[in-house]
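Structure first, commentary second.
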Amino acid sequence: MATPTLSQVELDYSGGERLTMNMGPQHPSAHGVFRAILTLEGETVVAVDAVIGYLHRCHEKLAETLTYAQYPSIASKTDYVAAMTSEFAYVLAAEEIGKIDVPRRAQYLRVVTAELQRVASHLLWLGTWCMDMGGALGGGATIFLYTIRERELILDLFESLVGARLLYGFYQVGGVRYDIPSGWADTCRTTIDLIEQRIGEYERLLEQNPFFLARAQGVGVISRALAEDVGIAGPLLRASGVNFDLRRAAAYSSYQDFQFTVPTEIVGDCLSRYRVRMAEFRESIRIVRQALDGLPEGPISSRPGLKSVAQIRIPKGEAYARVEGPRGEVGCYLIADGSAKPYRMKWRGASFSNLAVLPHIIPGHKVADVVAIMGSVDPVFGEVDR
Amino acid sequence: MTRAHAATLIGERFGTAQVQGDAPFVVTVPVDQWQPFAAFAKNELGCHFFSFSTAVDWKEQGLEIVARVDNLDEGISMVMKTRLAPGVSECASLVPVYRGANWMERECFDMFGVRFVGHPDLRRILLGDDWVGHPLLKSYAVDTPYPPYR
């Protein structure tokens, strides 16, 4: 019997037999490559050792070898489910050091794409999470197929804007790469209207389902103190009673121009996290509408000659830029040495910090709850492992 | 707690600390004050939120350890820094103060070889256990031909 290491949080245990169960690295509920070594007493988990790193691609070392113009499109590969977000953080950090202005139109386009991205990411989360809890929802793939159908519409919008469906390279230091094509805003409005209506359908489908509530209510409770101490962010933090949203607390890229509320719950269980995200769908859609209505005219970049890759030089300095991604605070800590490439770049991946809470909350739950809790955390392993 | 009040408190309690700016506060402390300062930031300045910690390799000038914590209610942000002497890679762990430092410091150990004293479980996190070297050090070339190639 392997003795659990100190990283695991253990319940008091003085009983007889224990079983060590390996969950992953290839497990359908992991949403990626993740291994959890569970120590079980019967059906109850008493300790978890989380093993990550299977998807590590040396992003931080790579960033030191690529110029400020080259890296943003690589940054999108960290969190590939919300690729716009990581590009956003990186260019914001570079712009902060270089004191580079971003035209208002570009700021608004950044907001539109970031919010559409949040909707797309939450749609994928909702579908996969409900599929994880499978049988309880009466053949769980139903809602997954619905949400994937809606997510496709947003990917179509991104495709007609950037030419890519998953990894965009849309943000550039000083602005964005493309302006919206004609008719795009109208298609976008139709799409978000449709999605907003469907969100209500999902809620009716799920919240009146006693099995769904049984799987989510009171499961995986994160207290406010634990949430802050571990540094989890985004919907998880707000579900634990902290009214904190970077778009409000440290408004960037013209977020102060838009009306929206920051949904907060106090219980901190899986159901609270679900409720926060469902409310965020509507808030994001609201922001997209306002941004499209108020879209200013003008240039989309303050650096017109952006085609040449080696031209951006950022003066010596350092900055930490953070954006509110679908999973929380995505931060880029950038140190520039005056050359065309950063001296050091550190990702604060939201999923990395969010996942670190698992060893603290899983012990005491049943094995089946591990799946529900992991899904409610919404980890994207590209961002955990970077 | 206002920023001015926080700045006064830092000056009173940590005379040796260098403070730059206030949004965020960038505070450089001597290495022996690293953990006491973090405890002070958490307990007295209300910075309960642990954002991240990492290291920067300044080559012959040694490693720098950086951590960021926030007071979410009052909008106080704190970037804490400490410089290790050249050739030294040992630093007090923040895990006793912030549980979020656990994985962050494991990553820092993995990538820079910094040994965090007092860390309960210091082992590699992103790279395999049999990896040789610490890739984010500037002395580690991008094309280092180390095993494991499997």
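Chain identifiers are assigned as A, B, and so on, following the order in which chains appear in the structure tokens; residues are numbered from 1 within each chain, and ligands are numbered from 1 in order of appearance.
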
Neighbours of chain A in chain B at 10 Å, counting only C-alpha atoms, as a ChimeraX atom specification
/B:24,42,47-58,68-75,79,95,97-104,111,119-128,135-138,140-142

Take the residues from that selection and write them out as an mmCIF file, in the first residue's frame, keeping C-alpha atoms.
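That gives us part_9.cif:
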```cif
data_model
loop_
_atom_site.group_PDB
_atom_site.id
_atom_site.type_symbol
_atom_site.label_atom_id
_atom_site.label_comp_id
_atom_site.auth_asym_id
_atom_site.auth_seq_id
_atom_site.Cartn_x
_atom_site.Cartn_y
_atom_site.Cartn_z
ATOM 1 C CA PRO B 24 0.517 47.402 -7.420
ATOM 2 C CA LYS B 42 -1.792 38.314 4.355
ATOM 3 C CA CYS B 47 -3.983 40.241 0.886
ATOM 4 C CA HIS B 48 -5.648 36.832 1.170
ATOM 5 C CA PHE B 49 -5.688 36.072 -2.536
ATOM 6 C CA PHE B 50 -2.606 34.275 -3.813
ATOM 7 C CA SER B 51 -2.176 35.074 -7.490
ATOM 8 C CA PHE B 52 1.087 33.427 -8.527
ATOM 9 C CA SER B 53 4.729 33.006 -7.684
ATOM 10 C CA THR B 54 7.658 32.442 -9.980
ATOM 11 C CA ALA B 55 11.349 33.155 -10.465
ATOM 12 C CA VAL B 56 13.458 35.173 -12.879
ATOM 13 C CA ASP B 57 16.991 34.177 -13.775
ATOM 14 C CA TRP B 58 19.188 37.301 -13.885
ATOM 15 C CA ARG B 68 1.843 38.402 -6.266
ATOM 16 C CA VAL B 69 -0.990 38.602 -3.766
ATOM 17 C CA ASP B 70 -4.133 40.729 -3.748
ATOM 18 C CA ASN B 71 -6.610 42.171 -1.310
ATOM 19 C CA LEU B 72 -9.734 41.664 -3.413
ATOM 20 C CA ASP B 73 -12.038 43.741 -1.224
ATOM 21 C CA GLU B 74 -9.967 46.877 -1.119
ATOM 22 C CA GLY B 75 -8.055 46.659 -4.352
ATOM 23 C CA VAL B 79 4.175 42.144 -5.973
ATOM 24 C CA VAL B 95 3.218 27.279 1.627
ATOM 25 C CA VAL B 97 1.253 31.144 4.621
ATOM 26 C CA TYR B 98 -0.573 30.517 1.333
ATOM 27 C CA ARG B 99 -1.708 27.062 0.264
ATOM 28 C CA GLY B 100 -1.730 28.260 -3.333
ATOM 29 C CA ALA B 101 2.058 28.467 -3.211
ATOM 30 C CA ASN B 102 2.262 24.680 -3.181
ATOM 31 C CA TRP B 103 1.928 24.032 -6.911
ATOM 32 C CA MET B 104 3.495 27.358 -7.905
ATOM 33 C CA MET B 111 11.868 25.052 -13.958
ATOM 34 C CA HIS B 119 7.704 23.122 1.313
ATOM 35 C CA PRO B 120 5.843 19.930 2.268
ATOM 36 C CA ASP B 121 6.160 18.157 -1.050
ATOM 37 C CA LEU B 122 8.839 19.596 -3.302
ATOM 38 C CA ARG B 123 8.975 17.492 -6.462
ATOM 39 C CA ARG B 124 8.682 18.158 -10.165
ATOM 40 C CA ILE B 125 5.224 19.000 -11.394
ATOM 41 C CA LEU B 126 5.177 19.686 -15.142
ATOM 42 C CA LEU B 127 8.252 17.756 -16.281
ATOM 43 C CA GLY B 128 8.792 14.050 -15.708
ATOM 44 C CA PRO B 135 14.783 24.457 -18.388
ATOM 45 C CA LEU B 136 13.896 28.054 -17.584
ATOM 46 C CA LEU B 137 17.405 28.843 -16.365
ATOM 47 C CA LYS B 138 19.166 31.017 -18.923
ATOM 48 C CA TYR B 140 19.744 25.843 -20.270
ATOM 49 C CA ALA B 141 19.883 26.128 -24.053
ATOM 50 C CA VAL B 142 16.677 25.602 -25.980
#
```

Strand (DSSP E) call set, DSSP backbone run, region 160-351 of chain A, as a ChimeraX atom specification
/A:171-172,175-176,317-325,328-336,342-348

Next, dump the selected residues to file, keeping only N, CA and C atoms, as a PDB file, in the first residue's frame.
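Output file part_1.pdb is given in full below:
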```
ATOM      1  N   TYR A 171      -5.356  38.983 -31.870  1.00  0.00           N
ATOM      2  CA  TYR A 171      -4.830  40.139 -31.144  1.00  0.00           C
ATOM      3  C   TYR A 171      -3.377  40.369 -31.542  1.00  0.00           C
ATOM      4  N   GLN A 172      -3.045  41.627 -31.700  1.00  0.00           N
ATOM      5  CA  GLN A 172      -1.667  41.987 -31.984  1.00  0.00           C
ATOM      6  C   GLN A 172      -1.290  43.130 -31.057  1.00  0.00           C
ATOM      7  N   GLY A 175      -3.248  46.540 -31.282  1.00  0.00           N
ATOM      8  CA  GLY A 175      -4.580  46.482 -31.855  1.00  0.00           C
ATOM      9  C   GLY A 175      -5.011  45.061 -32.153  1.00  0.00           C
ATOM     10  N   VAL A 176      -5.843  44.950 -33.177  1.00  0.00           N
ATOM     11  CA  VAL A 176      -6.239  43.620 -33.622  1.00  0.00           C
ATOM     12  C   VAL A 176      -5.845  43.462 -35.087  1.00  0.00           C
ATOM     13  N   GLY A 317      11.559  46.924 -19.038  1.00  0.00           N
ATOM     14  CA  GLY A 317      10.509  47.095 -18.033  1.00  0.00           C
ATOM     15  C   GLY A 317       9.798  45.801 -17.765  1.00  0.00           C
ATOM     16  N   GLU A 318       8.860  45.853 -16.867  1.00  0.00           N
ATOM     17  CA  GLU A 318       8.083  44.655 -16.588  1.00  0.00           C
ATOM     18  C   GLU A 318       6.642  45.023 -16.303  1.00  0.00           C
ATOM     19  N   ALA A 319       5.748  44.080 -16.546  1.00  0.00           N
ATOM     20  CA  ALA A 319       4.333  44.323 -16.303  1.00  0.00           C
ATOM     21  C   ALA A 319       3.648  43.006 -16.047  1.00  0.00           C
ATOM     22  N   TYR A 320       2.586  43.075 -15.267  1.00  0.00           N
ATOM     23  CA  TYR A 320       1.718  41.919 -15.098  1.00  0.00           C
ATOM     24  C   TYR A 320       0.339  42.325 -15.568  1.00  0.00           C
ATOM     25  N   ALA A 321      -0.081  41.779 -16.692  1.00  0.00           N
ATOM     26  CA  ALA A 321      -1.415  42.102 -17.211  1.00  0.00           C
ATOM     27  C   ALA A 321      -2.323  40.916 -16.966  1.00  0.00           C
ATOM     28  N   ARG A 322      -3.529  41.201 -16.519  1.00  0.00           N
ATOM     29  CA  ARG A 322      -4.461  40.110 -16.253  1.00  0.00           C
ATOM     30  C   ARG A 322      -5.795  40.415 -16.891  1.00  0.00           C
ATOM     31  N   VAL A 323      -6.407  39.388 -17.402  1.00  0.00           N
ATOM     32  CA  VAL A 323      -7.740  39.535 -17.983  1.00  0.00           C
ATOM     33  C   VAL A 323      -8.659  38.516 -17.339  1.00  0.00           C
ATOM     34  N   GLU A 324      -9.951  38.825 -17.372  1.00  0.00           N
ATOM     35  CA  GLU A 324     -10.938  37.902 -16.819  1.00  0.00           C
ATOM     36  C   GLU A 324     -11.314  36.917 -17.910  1.00  0.00           C
ATOM     37  N   GLY A 325     -10.689  35.781 -17.910  1.00  0.00           N
ATOM     38  CA  GLY A 325     -11.013  34.753 -18.894  1.00  0.00           C
ATOM     39  C   GLY A 325     -12.221  33.962 -18.440  1.00  0.00           C
ATOM     40  N   GLY A 328     -11.263  32.474 -15.255  1.00  0.00           N
ATOM     41  CA  GLY A 328     -10.746  33.340 -14.196  1.00  0.00           C
ATOM     42  C   GLY A 328      -9.560  34.154 -14.641  1.00  0.00           C
ATOM     43  N   GLU A 329      -8.757  34.539 -13.648  1.00  0.00           N
ATOM     44  CA  GLU A 329      -7.669  35.466 -13.917  1.00  0.00           C
ATOM     45  C   GLU A 329      -6.589  34.802 -14.757  1.00  0.00           C
ATOM     46  N   VAL A 330      -6.483  35.224 -16.006  1.00  0.00           N
ATOM     47  CA  VAL A 330      -5.394  34.779 -16.860  1.00  0.00           C
ATOM     48  C   VAL A 330      -4.375  35.899 -16.879  1.00  0.00           C
ATOM     49  N   GLY A 331      -3.214  35.632 -16.344  1.00  0.00           N
ATOM     50  CA  GLY A 331      -2.232  36.688 -16.193  1.00  0.00           C
ATOM     51  C   GLY A 331      -0.971  36.401 -16.965  1.00  0.00           C
ATOM     52  N   CYS A 332      -0.357  37.476 -17.443  1.00  0.00           N
ATOM     53  CA  CYS A 332       0.903  37.334 -18.146  1.00  0.00           C
ATOM     54  C   CYS A 332       1.907  38.265 -17.481  1.00  0.00           C
ATOM     55  N   TYR A 333       2.931  37.698 -16.885  1.00  0.00           N
ATOM     56  CA  TYR A 333       3.974  38.488 -16.235  1.00  0.00           C
ATOM     57  C   TYR A 333       5.132  38.554 -17.213  1.00  0.00           C
ATOM     58  N   LEU A 334       5.379  39.760 -17.703  1.00  0.00           N
ATOM     59  CA  LEU A 334       6.306  39.910 -18.814  1.00  0.00           C
ATOM     60  C   LEU A 334       7.456  40.822 -18.400  1.00  0.00           C
ATOM     61  N   ILE A 335       8.685  40.386 -18.682  1.00  0.00           N
ATOM     62  CA  ILE A 335       9.845  41.235 -18.427  1.00  0.00           C
ATOM     63  C   ILE A 335      10.537  41.473 -19.759  1.00  0.00           C
ATOM     64  N   ALA A 336      10.641  42.750 -20.128  1.00  0.00           N
ATOM     65  CA  ALA A 336      11.254  43.106 -21.405  1.00  0.00           C
ATOM     66  C   ALA A 336      12.640  43.666 -21.150  1.00  0.00           C
ATOM     67  N   PRO A 342      10.874  38.983 -25.382  1.00  0.00           N
ATOM     68  CA  PRO A 342      10.857  39.154 -23.917  1.00  0.00           C
ATOM     69  C   PRO A 342      12.041  38.459 -23.252  1.00  0.00           C
ATOM     70  N   TYR A 343      12.439  38.998 -22.090  1.00  0.00           N
ATOM     71  CA  TYR A 343      13.497  38.353 -21.322  1.00  0.00           C
ATOM     72  C   TYR A 343      12.919  37.174 -20.544  1.00  0.00           C
ATOM     73  N   ARG A 344      11.714  37.370 -20.047  1.00  0.00           N
ATOM     74  CA  ARG A 344      11.063  36.321 -19.264  1.00  0.00           C
ATOM     75  C   ARG A 344       9.569  36.523 -19.392  1.00  0.00           C
ATOM     76  N   MET A 345       8.836  35.430 -19.489  1.00  0.00           N
ATOM     77  CA  MET A 345       7.385  35.507 -19.531  1.00  0.00           C
ATOM     78  C   MET A 345       6.831  34.404 -18.660  1.00  0.00           C
ATOM     79  N   LYS A 346       5.900  34.771 -17.806  1.00  0.00           N
ATOM     80  CA  LYS A 346       5.283  33.773 -16.926  1.00  0.00           C
ATOM     81  C   LYS A 346       3.783  33.789 -17.144  1.00  0.00           C
ATOM     82  N   TRP A 347       3.208  32.622 -17.365  1.00  0.00           N
ATOM     83  CA  TRP A 347       1.753  32.510 -17.459  1.00  0.00           C
ATOM     84  C   TRP A 347       1.201  32.213 -16.094  1.00  0.00           C
ATOM     85  N   ARG A 348       0.188  32.985 -15.713  1.00  0.00           N
ATOM     86  CA  ARG A 348      -0.607  32.568 -14.575  1.00  0.00           C
ATOM     87  C   ARG A 348      -1.875  31.974 -15.183  1.00  0.00           C
TER      88      ARG A 348
END
```

Interatomic distance, CA of Arg224 (chain A) to CA of Gly241 (chain A) (Å, one decimal):
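Here the two named atoms are 6.3 Å from each other.
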
Nearest to Phe381 (chain A) among A:Ile266, A:Ser351, A:Lys77, A:Ala214, with distances taken over only C-alpha atoms: which residue is it?
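Looking only at the distances to Phe381 (chain A), the closest residue turns out to be A:Ser351.
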
Pick from A:Pro296, A:Gly382, A:Gly338, A:Pro235: nearest to Ser254 (chain A), with only C-alpha atoms counted?
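Going through A:Pro296, A:Gly382, A:Gly338, A:Pro235 one by one, the smallest distance to Ser254 (chain A) is for A:Pro296.
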
Smallest atom-to-atom distance to Asp79 (chain A): which of A:Leu206, A:Ala279, A:Leu166, A:Met374, using only C-alpha atoms?
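For Asp79 (chain A), the nearest of the given residues is A:Leu166.
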
So how many Å separate CA of Ala36 (chain A) and CA of Trp129 (chain A), to one decimal?
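Here the two named atoms are 17.5 Å from each other.
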